[in-house]
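Peer 1: My file is input-v5.cif. It has mmCIF, C-alpha atoms and all ligand atoms:
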```cif
data_query
#
loop_
_atom_site.label_atom_id
_atom_site.label_comp_id
_atom_site.auth_asym_id
_atom_site.auth_seq_id
_atom_site.Cartn_x
_atom_site.Cartn_y
_atom_site.Cartn_z
CA MET A 11 48.81 -17.78 55.27
CA ALA A 12 47.17 -14.50 54.22
CA ALA A 13 43.46 -14.03 55.00
CA PRO A 14 41.36 -14.85 51.92
CA THR A 15 40.18 -11.82 49.99
CA GLN A 16 36.48 -11.27 49.51
CA ALA A 17 36.85 -12.31 45.86
CA THR A 18 38.44 -15.59 46.96
CA GLN A 19 35.64 -16.24 49.44
CA GLN A 20 32.99 -15.56 46.81
CA THR A 21 34.72 -17.80 44.28
CA THR A 22 34.70 -20.57 46.87
CA GLY A 23 30.96 -20.01 47.43
CA ASN A 24 30.30 -20.09 43.68
CA GLN A 25 32.13 -23.40 43.31
CA ARG A 26 29.91 -24.81 46.05
CA PHE A 27 26.73 -23.57 44.33
CA ASP A 28 27.91 -24.62 40.86
CA ALA A 29 28.42 -28.12 42.28
CA GLU A 30 24.99 -28.12 43.98
CA ALA A 31 23.01 -26.58 41.10
CA ALA A 32 21.90 -29.76 39.29
CA ALA A 33 20.46 -31.33 42.48
CA TRP A 34 19.24 -28.07 44.10
CA ASP A 35 15.56 -28.56 43.25
CA SER A 36 15.53 -32.11 44.67
CA LYS A 37 15.47 -30.60 48.20
CA PRO A 38 11.89 -30.07 49.47
CA PHE A 39 13.27 -27.48 51.92
CA VAL A 40 14.27 -24.97 49.22
CA HIS A 41 10.84 -25.18 47.55
CA ALA A 42 9.02 -24.72 50.87
CA MET A 43 11.16 -21.73 51.91
CA SER A 44 10.81 -20.00 48.52
CA LEU A 45 7.02 -20.32 48.81
CA GLU A 46 7.09 -18.89 52.35
CA ALA A 47 9.26 -16.03 51.11
CA TRP A 48 6.86 -15.26 48.28
CA LYS A 49 3.89 -15.25 50.71
CA ALA A 50 5.79 -12.90 53.05
CA ILE A 51 6.80 -10.57 50.20
CA GLN A 52 3.22 -10.25 48.92
CA ALA A 53 1.92 -9.66 52.46
CA ASN A 54 4.53 -7.02 53.26
CA VAL A 55 4.86 -5.02 50.06
CA PRO A 56 1.31 -5.19 48.68
CA THR A 57 1.46 -1.62 47.35
CA VAL A 58 4.28 -2.57 44.96
CA PHE A 59 1.84 -4.95 43.30
CA SER A 60 -1.30 -2.79 43.44
CA ASN A 61 -0.40 0.93 43.31
CA LEU A 62 1.85 1.30 40.30
CA GLY A 63 -0.77 1.13 37.55
CA GLN A 64 1.30 -1.62 35.97
CA ARG A 65 3.10 -4.72 37.22
CA PRO A 66 6.45 -3.99 38.90
CA ASP A 67 9.89 -4.50 37.39
CA ILE A 68 11.65 -6.89 39.77
CA LEU A 69 15.34 -7.70 40.28
CA GLU A 70 16.18 -10.86 42.22
CA ILE A 71 19.78 -11.14 43.44
CA GLY A 72 20.94 -14.70 44.19
CA CYS A 73 18.02 -16.35 42.39
CA GLY A 74 19.62 -19.81 42.36
CA THR A 75 17.55 -22.09 40.11
CA GLY A 76 14.73 -19.53 40.07
CA LEU A 77 12.33 -21.02 42.62
CA LEU A 78 11.26 -17.59 43.91
CA SER A 79 11.61 -15.98 40.46
CA LEU A 80 9.10 -18.44 39.00
CA GLU A 81 6.59 -17.59 41.77
CA ALA A 82 7.04 -13.82 41.37
CA ALA A 83 7.18 -13.64 37.56
CA PRO A 84 3.39 -13.77 36.94
CA ALA A 85 2.98 -10.76 39.26
CA SER A 86 5.77 -8.78 37.59
CA ASN A 87 6.27 -6.86 34.36
CA ARG A 88 9.81 -8.12 33.84
CA LEU A 89 11.88 -10.11 36.30
CA VAL A 90 15.66 -9.95 36.03
CA ALA A 91 17.05 -12.99 37.88
CA ILE A 92 20.76 -12.88 38.66
CA ASP A 93 23.10 -15.25 40.40
CA ALA A 94 26.88 -15.39 40.78
CA SER A 95 26.82 -19.14 40.02
CA GLN A 96 26.86 -20.07 36.32
CA GLY A 97 25.58 -23.52 37.30
CA MET A 98 22.47 -22.15 39.02
CA ILE A 99 21.69 -19.87 36.06
CA ALA A 100 22.15 -22.79 33.62
CA VAL A 101 19.49 -24.77 35.54
CA LEU A 102 17.11 -21.79 35.49
CA LYS A 103 17.66 -21.31 31.75
CA SER A 104 16.86 -24.97 31.06
CA LYS A 105 13.61 -24.67 33.09
CA LEU A 106 12.62 -21.61 31.06
CA GLU A 107 12.95 -23.56 27.81
CA LYS A 108 10.01 -25.76 28.85
CA PRO A 109 6.53 -24.86 27.56
CA GLY A 110 4.25 -23.04 29.96
CA THR A 111 7.00 -21.27 31.93
CA PRO A 112 6.87 -17.47 32.30
CA GLU A 113 8.41 -15.57 29.40
CA ASN A 114 9.30 -12.43 31.37
CA ILE A 115 12.26 -13.86 33.35
CA GLU A 116 15.72 -12.71 32.22
CA PRO A 117 18.40 -14.93 33.82
CA ILE A 118 21.92 -13.44 34.11
CA ALA A 119 25.06 -14.99 35.62
CA VAL A 120 26.87 -12.14 37.35
CA LEU A 121 28.28 -11.16 40.72
CA LEU A 122 26.53 -7.80 40.84
CA GLN A 123 28.68 -5.09 42.43
CA ASP A 124 27.61 -2.06 40.42
CA PRO A 125 24.05 -0.88 39.58
CA GLU A 126 25.43 0.25 36.21
CA ASP A 127 26.91 -3.19 35.43
CA MET A 128 26.55 -3.66 31.67
CA SER A 129 25.14 -7.17 32.13
CA LEU A 130 21.91 -5.57 33.46
CA PRO A 131 19.35 -4.58 30.81
CA PRO A 132 19.48 -0.98 29.55
CA ALA A 133 16.82 1.46 30.79
CA ASP A 134 16.14 2.33 27.15
CA GLU A 135 16.36 -0.50 24.59
CA SER A 136 17.29 2.02 21.90
CA LYS A 137 20.40 2.96 23.93
CA PRO A 138 22.04 -0.42 24.67
CA ASP A 139 25.17 1.24 26.10
CA GLY A 140 23.20 3.79 28.15
CA PRO A 141 22.13 3.80 31.81
CA ARG A 142 20.88 0.48 33.18
CA LEU A 143 17.27 -0.40 34.06
CA LYS A 144 16.02 0.60 37.53
CA PHE A 145 13.53 -1.55 39.45
CA ASP A 146 10.39 -1.19 41.57
CA LEU A 147 11.36 -4.10 43.79
CA VAL A 148 14.61 -5.90 44.63
CA LEU A 149 14.35 -9.39 46.15
CA SER A 150 16.96 -11.68 47.65
CA HIS A 151 16.14 -14.92 49.45
CA LEU A 152 18.54 -17.00 51.58
CA VAL A 153 21.48 -15.08 50.09
CA LEU A 154 22.50 -12.38 52.59
CA HIS A 155 24.15 -14.90 54.92
CA HIS A 156 26.51 -15.81 52.06
CA ILE A 157 27.68 -12.25 51.39
CA ALA A 158 30.82 -11.00 53.16
CA ASP A 159 30.31 -7.27 52.58
CA LEU A 160 26.60 -6.68 53.17
CA LYS A 161 26.95 -2.90 53.19
CA LYS A 162 28.35 -3.04 49.66
CA VAL A 163 25.57 -5.25 48.32
CA LEU A 164 22.88 -3.13 50.02
CA THR A 165 24.40 -0.02 48.39
CA THR A 166 24.25 -1.82 45.02
CA MET A 167 20.60 -2.76 45.66
CA LEU A 168 19.75 0.87 46.52
CA GLY A 169 21.41 1.94 43.25
CA CYS A 170 19.28 -0.56 41.30
CA LEU A 171 15.98 0.90 42.56
CA LYS A 172 13.73 3.54 41.05
CA GLU A 173 12.91 6.44 43.39
CA GLY A 174 10.34 5.04 45.84
CA GLY A 175 11.26 1.45 44.93
CA MET A 176 11.56 -1.17 47.67
CA VAL A 177 13.75 -4.04 48.80
CA ALA A 178 12.20 -7.13 50.39
CA LEU A 179 15.02 -9.41 51.57
CA THR A 180 14.38 -12.73 53.31
CA ASP A 181 16.81 -14.94 55.21
CA PHE A 182 17.01 -16.89 58.46
CA GLU A 183 17.59 -14.89 61.62
CA ASP A 184 20.73 -14.91 63.72
CA PHE A 185 18.90 -15.35 67.02
CA GLY A 186 21.98 -16.50 68.97
CA PRO A 187 24.69 -19.19 69.02
CA ASP A 188 22.28 -22.00 68.02
CA ALA A 189 21.67 -20.29 64.65
CA ARG A 190 24.98 -21.89 63.58
CA ARG A 191 23.14 -25.23 63.46
CA PHE A 192 21.18 -24.11 60.38
CA HIS A 193 23.94 -25.53 58.16
CA PRO A 194 25.47 -28.98 58.67
CA GLU A 195 29.26 -28.78 59.06
CA SER A 196 29.77 -30.03 55.47
CA LYS A 197 27.86 -27.01 54.09
CA MET A 198 29.78 -24.22 55.84
CA ASP A 199 31.74 -23.34 52.68
CA GLY A 200 30.62 -19.88 51.54
CA VAL A 201 28.64 -19.20 54.75
CA GLU A 202 29.70 -15.73 55.90
CA ARG A 203 27.38 -15.46 58.91
CA HIS A 204 24.93 -17.70 60.73
CA GLY A 205 21.79 -15.81 59.80
CA ILE A 206 20.98 -12.10 59.93
CA PRO A 207 20.74 -10.24 63.26
CA ARG A 208 17.48 -8.29 62.98
CA LYS A 209 18.44 -5.03 64.75
CA TRP A 210 21.95 -4.91 63.23
CA MET A 211 20.45 -5.35 59.76
CA ALA A 212 17.97 -2.48 60.28
CA GLU A 213 20.82 -0.16 61.32
CA LEU A 214 22.93 -1.24 58.34
CA MET A 215 20.06 -0.56 55.93
CA GLN A 216 19.50 2.89 57.45
CA ASP A 217 23.26 3.65 57.22
CA VAL A 218 23.20 2.77 53.53
CA GLY A 219 20.32 5.21 52.96
CA PHE A 220 17.14 3.12 52.96
CA LYS A 221 14.01 4.80 54.34
CA ASP A 222 11.05 3.24 56.16
CA VAL A 223 13.23 0.32 57.26
CA ILE A 224 11.52 -2.63 58.95
CA THR A 225 13.18 -5.94 59.81
CA LYS A 226 10.88 -8.49 61.42
CA VAL A 227 10.18 -12.18 61.74
CA ALA A 228 7.93 -13.24 58.86
CA TRP A 229 7.67 -16.99 59.41
CA GLU A 230 9.20 -19.93 61.26
CA HIS A 231 10.20 -23.33 59.95
CA SER A 232 11.46 -26.55 61.54
CA LYS A 233 14.53 -28.06 59.93
CA MET A 234 16.48 -31.25 60.58
CA VAL A 235 19.84 -30.29 62.11
CA GLU A 236 22.89 -32.18 63.31
CA LYS A 237 22.82 -33.29 66.97
CA TYR A 238 26.60 -32.73 66.99
CA PRO A 239 28.88 -31.04 64.41
CA GLY A 240 29.55 -33.37 61.46
CA GLU A 241 26.82 -35.93 62.34
CA PHE A 242 25.49 -36.00 58.75
CA GLY A 243 28.97 -36.48 57.23
CA GLY A 244 28.93 -35.05 53.70
CA GLY A 245 25.33 -35.89 52.81
CA ALA A 246 21.71 -35.99 53.96
CA PRO A 247 20.78 -37.36 57.42
CA SER A 248 20.32 -41.13 57.63
CA GLU A 249 17.52 -42.74 59.64
CA GLY A 250 17.82 -41.85 63.33
CA GLN A 251 20.23 -39.00 62.72
CA GLY A 252 19.55 -35.35 63.52
CA GLU A 253 16.80 -33.53 65.35
CA LEU A 254 14.19 -30.95 64.42
CA MET A 255 14.94 -27.34 65.28
CA THR A 256 12.76 -24.29 64.60
CA PHE A 257 14.33 -21.30 62.84
CA PRO A 258 12.83 -17.82 62.52
CA TYR A 259 13.03 -16.16 59.09
CA ILE A 260 13.10 -12.40 58.75
CA ILE A 261 11.96 -10.04 56.05
CA CYS A 262 13.98 -6.82 55.66
CA LEU A 263 12.05 -3.97 54.05
CA GLY A 264 13.33 -0.59 52.94
CA ARG A 265 12.45 2.13 50.46
CA LYS A 266 14.62 4.34 48.25
C1 LIG A 301 21.46 -20.59 49.47
S1 LIG A 301 21.46 -20.21 47.75
C2 LIG A 301 19.79 -19.62 47.58
C3 LIG A 301 19.31 -19.70 46.15
C4 LIG A 301 17.84 -19.34 45.97
N1 LIG A 301 17.57 -17.99 46.42
C5 LIG A 301 16.97 -20.34 46.69
O1 LIG A 301 16.45 -20.01 47.77
O2 LIG A 301 16.78 -21.45 46.18
C6 LIG A 301 22.39 -18.74 47.69
C7 LIG A 301 22.63 -18.26 46.25
O3 LIG A 301 23.15 -16.95 46.31
C8 LIG A 301 24.12 -16.82 45.29
N2 LIG A 301 24.98 -15.72 45.68
C9 LIG A 301 25.75 -15.62 46.79
N3 LIG A 301 26.35 -14.42 46.82
C10 LIG A 301 25.93 -13.75 45.72
C11 LIG A 301 26.16 -12.46 45.18
N4 LIG A 301 26.97 -11.59 45.79
N5 LIG A 301 25.55 -12.10 44.03
C12 LIG A 301 24.73 -12.97 43.39
N6 LIG A 301 24.45 -14.21 43.86
C13 LIG A 301 25.04 -14.58 44.99
C14 LIG A 301 24.79 -18.16 45.22
O4 LIG A 301 25.44 -18.36 43.98
C15 LIG A 301 23.61 -19.10 45.46
O5 LIG A 301 23.02 -19.50 44.24
#
```
Rewrite the structure of this file - the entire thing - as structure tokens.
Ligand SMILES: C[S@@+](CC[C@H](N)C(=O)[O-])C[C@H]1O[C@@H](n2cnc3c(N)ncnc32)[C@H](O)[C@@H]1O
Peer 2:
Amino acid sequence: MAAPTQATQQTTGNQRFDAEAAAWDSKPFVHAMSLEAWKAIQANVPTVFSNLGQRPDILEIGCGTGLLSLEAAPASNRLVAIDASQGMIAVLKSKLEKPGTPENIEPIAVLLQDPEDMSLPPADESKPDGPRLKFDLVLSHLVLHHIADLKKVLTTMLGCLKEGGMVALTDFEDFGPDARRFHPESKMDGVERHGIPRKWMAELMQDVGFKDVITKVAWEHSKMVEKYPGEFGGGAPSEGQGELMTFPYIICLGRK
């Protein structure tokens, strides 16, 4: 059988996330990690929030149901939240219909491969078919390990930034063979790599053209993992199953 194309792999991943979208927010883990990511972003790119004279325009790639977007929106001018999964974006849209939610989040279902993709907002509202909006900050949380061609997506991110704009990308670290245990065997669909190797990622970002690149551990978190592959079957661990394992999470910073 021929090797799956990248498009096939991404379609498979989207089906997985479409299926998980409705129950995504029921997992305490995803809330806790989005909060940690938001703390790490604020601590590591404080100038984006304080030096511009106005709140930054933020693009989040792989926003899921918007857990990080909803944290970041009050600190941003506008926040464009994109995800390749229609199901995830539908959940975010339904949250935004509720009173009291930020009004500056623009959810878009797209697999972004081009900074001039017409689904992004125009730079100038009076020229809807003109060049697309550029951002002060691009975020992406727990997404990089799902992307087959990281160089391509980093190039797209660079193209989405204003001159001097920054990326702040968070994901778990590939610290060695045990990093594979982050996902139970039933959740390996759409997983392209078991975390992000810190040094490799820094070199990749420099190759793509980012300046002032830093990749470093930003926090650690203990997660219940399978004691042996497949222990959890297709669902959550039952009583007595699994064991706690600590995973490092990295933040990857770079400037255009
Ligand atoms: C593990 S989920 C994380 C979602 C969210 N960031 C969170 O932490 O709750 C990964 C998300 O990335 C999205 N995704 C994967 N590859 C993508 C791509 N190339 N472009 C946009 N979204 C992508 C998936 O659809 C999925 O919603």
Peer 1: For Pro84 (chain A), please output as a list in words all residues within 10 Å (counting all atoms listed in the file; exclusion window: fewer than 6 positions along the same chain).
Peer 2: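 So, after excluding close chain neighbours, the residues are Arg65, Thr111, Pro112, Glu113, Asn114 and Ile115 of chain A.
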Peer 1: Can you work out which one of A:Trp210, A:Phe27, A:Phe192, A:Phe257 has the shortest atom-to-atom distance to ligand LIG 301 (chain A), counting only C-alpha atoms and all ligand atoms?
Peer 2: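 That would be A:Phe27, the residue with the smallest distance to ligand LIG 301 (chain A).
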Peer 1: When the cut-off is 7 Å and you count only C-alpha atoms and all ligand atoms, which residues lie near ligand LIG 301 (chain A), shown as a count of residues only?
Peer 2: 30
Peer 1: CA of Glu70 (chain A) and CA of Arg208 (chain A), how far apart in Å?
Peer 2: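 According to the coordinates, CA of Arg208 (chain A) and CA of Glu70 (chain A) are separated by 21.0 Å.
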Peer 1: Kindly give the distance, in Å, that separates CA of Val177 (chain A) and CA of Val148 (chain A), rounded to a single decimal.
Peer 2: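 One can read the CA of Val177 (chain A) to CA of Val148 (chain A) distance as 4.6 Å.
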Peer 1: When distances are computed from all atoms listed in the file, which of A:Lys37, A:Lys161, A:Lys197, A:Lys226 shows the smallest separation from Phe185 (chain A)?
Peer 2: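 Of A:Lys37, A:Lys161, A:Lys197, A:Lys226, the one nearest Phe185 (chain A), counting all atoms listed in the file, is A:Lys226.
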Peer 1: Report the distance between CA of Leu45 (chain A) and CA of Phe182 (chain A) in Å, rounded to one decimal place.
Peer 2: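 Between CA of Leu45 (chain A) and CA of Phe182 (chain A) the gap is 14.3 Å.
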Peer 1: Write out as a list in words the residues lying within 8 Å of Lys237 (chain A), counting all atoms listed in the file and excluding same-chain residues fewer than 6 positions away.
Peer 2: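 Contacts, with the query itself left out: Gln251, Gly252 and Glu253 of chain A.
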Peer 1: Around the point (23.8, -17.6, 32.8) (coordinates from the file), which residues reach within 6 Å if we count all atoms listed in the file? Answer as a list of chain:residue names.
Peer 2: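 Collected hits near the coordinates: A:Gln96, A:Ile99, A:Ala100, A:Ile118, A:Ala119.
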Peer 1: Restricting the calculation to only C-alpha atoms: of A:Ala47, A:Val201, A:Val58, A:Ala83, which residue gets closest to Gly175 (chain A)?
Peer 2: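 Ranking A:Ala47, A:Val201, A:Val58, A:Ala83 by distance to Gly175 (chain A), first place goes to A:Val58.
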Peer 1: List the spatial neighbours of Glu173 (chain A) as a tab-separated table (two decimals) with C-alpha atoms, keeping the file's coordinate frame - criterion: any atom at most 12 Å away, only C-alpha atoms, same-chain residues fewer than 6 positions off excluded.
Peer 2:
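And here is the file that came out, out06.tsv:
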```tsv
chain	number	residue	atom	x	y	z
A	144	LYS	CA	16.02	0.60	37.53
A	145	PHE	CA	13.53	-1.55	39.45
A	146	ASP	CA	10.39	-1.19	41.57
A	147	LEU	CA	11.36	-4.10	43.79
A	220	PHE	CA	17.14	3.12	52.96
A	221	LYS	CA	14.01	4.80	54.34
A	264	GLY	CA	13.33	-0.59	52.94
A	265	ARG	CA	12.45	2.13	50.46
A	266	LYS	CA	14.62	4.34	48.25
```
Peer 1: Which residues, written as a CSV table (one decimal) with C-alpha atoms, keeping the file's coordinate frame, have at least one atom at most 8 Å from Ala189 (chain A), with only C-alpha atoms counted and residues fewer than 6 positions away on the same chain left out?
Peer 2:
```csv
chain,number,residue,atom,x,y,z
A,183,GLU,CA,17.6,-14.9,61.6
A,204,HIS,CA,24.9,-17.7,60.7
A,205,GLY,CA,21.8,-15.8,59.8
A,257,PHE,CA,14.3,-21.3,62.8
```
